[in-house]
Amino acid sequence: MVDNQDEAAVPLSFFKIRLLDNILNEATVVQAMRQLVTGRGTRILEKGSRSDVLWIQMDNGTALVAKRYFFRKIKSRLEYFIGMDKSARTVRAGRVVKRLGINTPRIHALVREGGFLLPHGITLLAEAIANARPMPAVYCELGSEQAHHLLEETVTFIRQVHDAGLFMPDFVKNIEVIPQDKNWKFFLFDMDNTHHWPGIRWKRRCHDLVRLIQYCGVTDRDQISALLSWYLSPPRGQEAVKRRLSGHCPISPDYLAAEAQRGRHPKVEYPGMNTSSRTGSISIH
């Protein structure tokens, strides 16, 4: 990867650009990429072995988010050549999610860095969602009444995602929110491991509810009961779906609490996160 160079020193031939909409032009993409490879982007997430997420502030005042996927293993290079690498999966999943009416950042461009036979990696340039923050982090900072309201809306959003047939292994940590009037606007991020199926089984639905309980540190049995009740109460006009799900629901508040207490806890913790569930204080009556 090219680092610590002047922007002018990065040749245009280093980038192979594929525009996915008409929001950006090639000149803007090249400017963004030159900022990126010369170290002018602001890191959003901790640098990992497979990808890197950075915020790029353009000269015209607009902002972009760049997610870089590095090809450091033979497997990742092979996936790239057959169109199954993470960047390609993210683009396909983003189109599906948008079509289903779920908010996700729009991807403007794909940029291959390096040569065709030996690329260094792929960079996605997407719209920057200002003020969006991880839902669990926001939840931990709110007062009890506001936190209760956010949790209820989050459960409704999770139900919407499930009913749309979407599943990702740990998608609760990829939910980000923006305050909107008295409600919240939800976004899904990092969809390179998203699956779209005709229906989501209860085992997978339960998995996401348990993860929500763990990330938010919900330990009260009554609150867990309310959480399940919210999940089984879809928006107005979907009463038939409610009856079908309620009639076949194999889980209970006690089951969710026990799974949250026994299960593998998330590695990510947020300021103010209630971790008492790790010590067995979930109350089951």
# chains A, B, ... in the order shown; residues from 1 in each chain; ligands from 1
>>> residues_around(residues="Gln57 of chain A", least_positions_apart="5", cutoff="9 Å", atoms="only C-alpha atoms", output="ChimeraX atom specification")
/A:32,35,40-42,62-65
>>> residues_around(residues="Leu20 of chain A", least_positions_apart="4", cutoff="12 Å", atoms="only C-alpha atoms", output="PyMOL selection string")
chain A and resi 24-26+29+88+91-92+94-95+106-111+124-126
>>> write_last_selection(atoms="N, CA and C atoms", output="PDB file, in the first residue's frame")
ATOM      1  N   LEU A  24     -20.717  10.972  -7.745  1.00  0.00           N
ATOM      2  CA  LEU A  24     -19.319  11.356  -7.849  1.00  0.00           C
ATOM      3  C   LEU A  24     -18.857  11.220  -9.292  1.00  0.00           C
ATOM      4  N   ASN A  25     -17.815  11.989  -9.642  1.00  0.00           N
ATOM      5  CA  ASN A  25     -17.147  11.787 -10.922  1.00  0.00           C
ATOM      6  C   ASN A  25     -15.736  11.265 -10.662  1.00  0.00           C
ATOM      7  N   GLU A  26     -15.045  10.891 -11.717  1.00  0.00           N
ATOM      8  CA  GLU A  26     -13.730  10.277 -11.548  1.00  0.00           C
ATOM      9  C   GLU A  26     -12.738  11.217 -10.882  1.00  0.00           C
ATOM     10  N   VAL A  29     -13.272  11.109  -7.195  1.00  0.00           N
ATOM     11  CA  VAL A  29     -12.815   9.836  -6.645  1.00  0.00           C
ATOM     12  C   VAL A  29     -11.299   9.815  -6.540  1.00  0.00           C
ATOM     13  N   ALA A  88     -17.383  -6.872  -3.230  1.00  0.00           N
ATOM     14  CA  ALA A  88     -18.463  -7.241  -4.155  1.00  0.00           C
ATOM     15  C   ALA A  88     -19.704  -7.670  -3.392  1.00  0.00           C
ATOM     16  N   VAL A  91     -21.496  -4.545  -2.023  1.00  0.00           N
ATOM     17  CA  VAL A  91     -22.248  -3.812  -3.050  1.00  0.00           C
ATOM     18  C   VAL A  91     -23.561  -4.516  -3.359  1.00  0.00           C
ATOM     19  N   ARG A  92     -23.509  -5.839  -3.532  1.00  0.00           N
ATOM     20  CA  ARG A  92     -24.734  -6.588  -3.829  1.00  0.00           C
ATOM     21  C   ARG A  92     -25.724  -6.506  -2.672  1.00  0.00           C
ATOM     22  N   GLY A  94     -25.922  -4.169  -0.406  1.00  0.00           N
ATOM     23  CA  GLY A  94     -26.433  -2.803  -0.306  1.00  0.00           C
ATOM     24  C   GLY A  94     -27.597  -2.561  -1.243  1.00  0.00           C
ATOM     25  N   ARG A  95     -27.510  -3.115  -2.446  1.00  0.00           N
ATOM     26  CA  ARG A  95     -28.613  -2.953  -3.401  1.00  0.00           C
ATOM     27  C   ARG A  95     -29.864  -3.663  -2.914  1.00  0.00           C
ATOM     28  N   ARG A 106     -25.240   4.786   0.895  1.00  0.00           N
ATOM     29  CA  ARG A 106     -25.123   4.506  -0.532  1.00  0.00           C
ATOM     30  C   ARG A 106     -23.649   4.413  -0.919  1.00  0.00           C
ATOM     31  N   ILE A 107     -23.303   3.379  -1.672  1.00  0.00           N
ATOM     32  CA  ILE A 107     -21.932   3.207  -2.142  1.00  0.00           C
ATOM     33  C   ILE A 107     -21.797   3.891  -3.497  1.00  0.00           C
ATOM     34  N   HIS A 108     -20.873   4.847  -3.589  1.00  0.00           N
ATOM     35  CA  HIS A 108     -20.721   5.646  -4.800  1.00  0.00           C
ATOM     36  C   HIS A 108     -19.728   5.039  -5.790  1.00  0.00           C
ATOM     37  N   ALA A 109     -18.668   4.406  -5.283  1.00  0.00           N
ATOM     38  CA  ALA A 109     -17.629   3.941  -6.197  1.00  0.00           C
ATOM     39  C   ALA A 109     -16.829   2.797  -5.593  1.00  0.00           C
ATOM     40  N   LEU A 110     -16.290   1.968  -6.484  1.00  0.00           N
ATOM     41  CA  LEU A 110     -15.342   0.912  -6.138  1.00  0.00           C
ATOM     42  C   LEU A 110     -14.011   1.272  -6.777  1.00  0.00           C
ATOM     43  N   VAL A 111     -12.949   1.198  -6.008  1.00  0.00           N
ATOM     44  CA  VAL A 111     -11.629   1.559  -6.547  1.00  0.00           C
ATOM     45  C   VAL A 111     -10.644   0.433  -6.260  1.00  0.00           C
ATOM     46  N   LEU A 124     -14.071   0.895  -1.021  1.00  0.00           N
ATOM     47  CA  LEU A 124     -15.435   1.361  -1.265  1.00  0.00           C
ATOM     48  C   LEU A 124     -15.536   2.806  -0.803  1.00  0.00           C
ATOM     49  N   LEU A 125     -16.062   3.666  -1.645  1.00  0.00           N
ATOM     50  CA  LEU A 125     -16.342   5.047  -1.253  1.00  0.00           C
ATOM     51  C   LEU A 125     -17.850   5.193  -1.105  1.00  0.00           C
ATOM     52  N   ALA A 126     -18.290   5.526   0.082  1.00  0.00           N
ATOM     53  CA  ALA A 126     -19.723   5.602   0.372  1.00  0.00           C
ATOM     54  C   ALA A 126     -20.071   6.951   0.975  1.00  0.00           C
TER      55      ALA A 126
END
>>> select_by_dssp(residues="segment 27-215 of chain A", states="alpha helix (DSSP H)", output="VMD selection string")
chain A and resid 27 to 37 74 to 81 86 to 99 135 to 141 144 to 163 202 to 215
>>> residues_around(residues="Asp85 of chain A", least_positions_apart="5", cutoff="7 Å", atoms="only C-alpha atoms", output="ChimeraX atom specification")
/A:76,79-80
>>> select_by_dssp(residues="segment 62-261 of chain A", states="strand (DSSP E)", output="JSON, numbers by chain")
{"A": [63, 64, 65, 66, 67, 68, 69, 70, 107, 108, 109, 110, 111, 112, 113, 114, 119, 120, 121, 122, 123, 124, 125, 126, 127, 133, 134, 166, 167, 175, 176, 177, 178, 179, 180, 183, 184, 185, 186, 187, 188, 195, 196]}
>>> closest_residue(among="A:Met168, A:Ala226, A:Ile102, A:Cys206", to="Pro250 of chain A", atoms="only C-alpha atoms")
A:Cys206
>>> residues_around(residues="Phe187 of chain A", least_positions_apart="2", cutoff="10 Å", atoms="only C-alpha atoms", output="short mmCIF file (atom, residue, chain, number, x, y, z; two decimals) with C-alpha atoms, in the first residue's frame")
data_model
loop_
_atom_site.label_atom_id
_atom_site.label_comp_id
_atom_site.auth_asym_id
_atom_site.auth_seq_id
_atom_site.Cartn_x
_atom_site.Cartn_y
_atom_site.Cartn_z
CA ILE A 102 -33.96 -0.35 4.86
CA ASN A 103 -31.55 2.54 5.33
CA THR A 104 -27.89 1.93 4.52
CA PRO A 105 -25.16 4.26 3.25
CA ILE A 129 -23.95 9.59 7.49
CA ALA A 132 -24.82 8.29 13.14
CA ARG A 133 -23.62 6.33 16.17
CA PRO A 134 -23.80 2.67 17.26
CA MET A 135 -27.16 1.97 18.88
CA PHE A 157 -36.36 -2.36 13.45
CA ASN A 174 -23.89 -2.81 12.91
CA ILE A 175 -27.05 -0.86 13.75
CA GLU A 176 -26.45 2.89 13.97
CA VAL A 177 -28.99 5.55 14.86
CA ILE A 178 -29.65 9.25 14.37
CA TRP A 184 -34.85 7.49 15.77
CA LYS A 185 -33.65 6.80 12.25
CA PHE A 189 -23.63 -0.79 8.15
#
>>> residues_around(residues="Leu166 of chain A", least_positions_apart="3", cutoff="12 Å", atoms="only C-alpha atoms", output="VMD selection string")
chain A and resid 93 to 94 96 to 102 157 to 163 169 to 171 188 191 193 to 201 204 to 205 208
